Every structure is written in structure tokens, then in C-alpha cells.
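Step one of this worksheet: look at the structure below.
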Amino acid sequence: MNSDNDLQIAGDILEVQHLLQPPREHPVTVAEFVGLARAIAADRAQWAHLVEYDATSRWYHRLRTGPGYEVWLLSWVPGQGSGLHDHGRSSGVLTVLEGTLTERTERGTRALGAGAQRVFAPGYVHEVVNDALEPAVSLHVYYPGLTEMPMHAAAAAACEARPVTA
């Protein structure tokens with residue numbers, strides 16, 4: 001039985017440049033998109049000065065684009081919601097930056113406070129609402145970029161106000 005490990009065989013991994021993965025300029029995995037959202041959330045200077053609140057409709061601003069993805073900033077005054085919808089062929093990461101949002105799905109209702117993240121695949125149906133008394137701000141990363149947001153008005157009754165347990 002050979003007791004040599006790869007490090008002993010190859011030597012110092014940092015000296016074997018052809019074995020190192022080149023750093024990626026843009027995210028390509030779910031974990032990298034989550035990391036992108038967290039990095040933007042942590043850097044208030046990137047987004048805080050852009051936030052506006054609109055009493056008549058949700059405000060949104062495309063913050064960034066990359067190869068095949070988009071990053072959106074949204075604000076929600078109390079009572080505003082998205083309606084029950086999916087994101088077409090896009091996957092996404094929702095990150096609450098400020099305040100509290102409520103997510104409703106057929107599985108129940110979940111409160112999302114500042115720092116909370118939700119990752120979803122194409123076809124994921126949900127409704128996001130600001131049920132709180134204070135405004136909220138959220139960040140949304142979509143891959144591929146959002147091209148449709150089909151509404152599911154007929155299925156609204158399926159999203160009852162029952163809590164989701166972790």
C-alpha cells in the first residue's frame with residue numbers, strides 16, 4: 001500500500017501552477033451567486049445611496065449585470081407586495097438588506113429579516129410582501145437575467161398564512 005499523499009508526490013501545490021484554478025471574474029455556481037449577493041449586501045456604499053421609496057409601486061433599480069446574470073435592488077414600503085409569481089427560466093438569490101419581508105409559498109409563510117437569503121430554481125412560485133410597519137430593501141440576483149415573471153393569481157389560495165418551520 002502506498003502511503004504517499006498527493007502533496008508529497010506533487011510538492012508544494014502553490015508551486016504547481018497548472019493545478020491551480022484561475023480566479024473567475026464572474027460567478028457561475030449557486031454558492032458564488034450567494035457570495036456575490038452577500039458581498040454587495042455588506043458594502044452599503046454600493047447601494048444605500050440609490051434606494052428610493054415609492055408609495056404607489058415597488059421601486060427597483062438594476063444595480064449590476066454580468067455574463068448571463070443581473071443584480072436588482074428593490075424597495076418595499078409597508079403593504080407592498082410582488083403578487084404570487086415565478087421567475088420563468090431564471091434561478092435566483094433573494095437577500096433582505098433592510099427591514100423585514102414575508103415570503104409566502106404553498107408550503108407556508110416565512111419572515112425574512114435583514115441578512116436572510118433565499119435561493120430558488122426556475123419554476124419556484126412565491127409571493128414577497130412587506131407586512132411590517134417599516135420600509136424594507138432587498139437585493140435580487142437572477143441567472144440567467146430575468147426575462148419574465150409569470151403571475152399565478154389563480155393559485156393565490158394555496159399560499160395560506162401558515163408558518164414554515166426550519
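How things are named: the first chain in the C-alpha cells is A, the next is B, and so on; residues count from 1 in each chain; ligands count from 1 in the order shown.
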
For range 85-91 of chain A: contacts at 7 Å, only C-alpha atoms, fewer than 2 positions along chain excluded, given as a list in words: Gly83, Phe120, Ala121, Pro122, Gly123, Tyr124, Val125, His126, Glu127, Tyr142, Tyr143, Pro144, Gly145, Leu146, Glu148, Met149, Pro150, Met151 and His152 of chain A

Using DSSP on the backbone coordinates, identify all residues within range 66-131 of chain A classified as strand (DSSP E or B); present the result as a PyMOL selection string. chain A and resi 66+69-76+81+85+91-98+100-105+108-113+117-120+126-129

Hey, what's within 7 Å of Val93 in chain A if we count only C-alpha atoms and toss same-chain stuff fewer than 3 positions away? As a list of chain:residue names, please? A:Val34, A:Gln117, A:Arg118, A:Val119, A:Phe120, A:His140, A:Val141, A:Tyr142

Pick from A:Arg110, A:Thr102, A:Leu97, A:Thr56: nearest to Asp43 in chain A, with only C-alpha atoms counted? A:Leu97
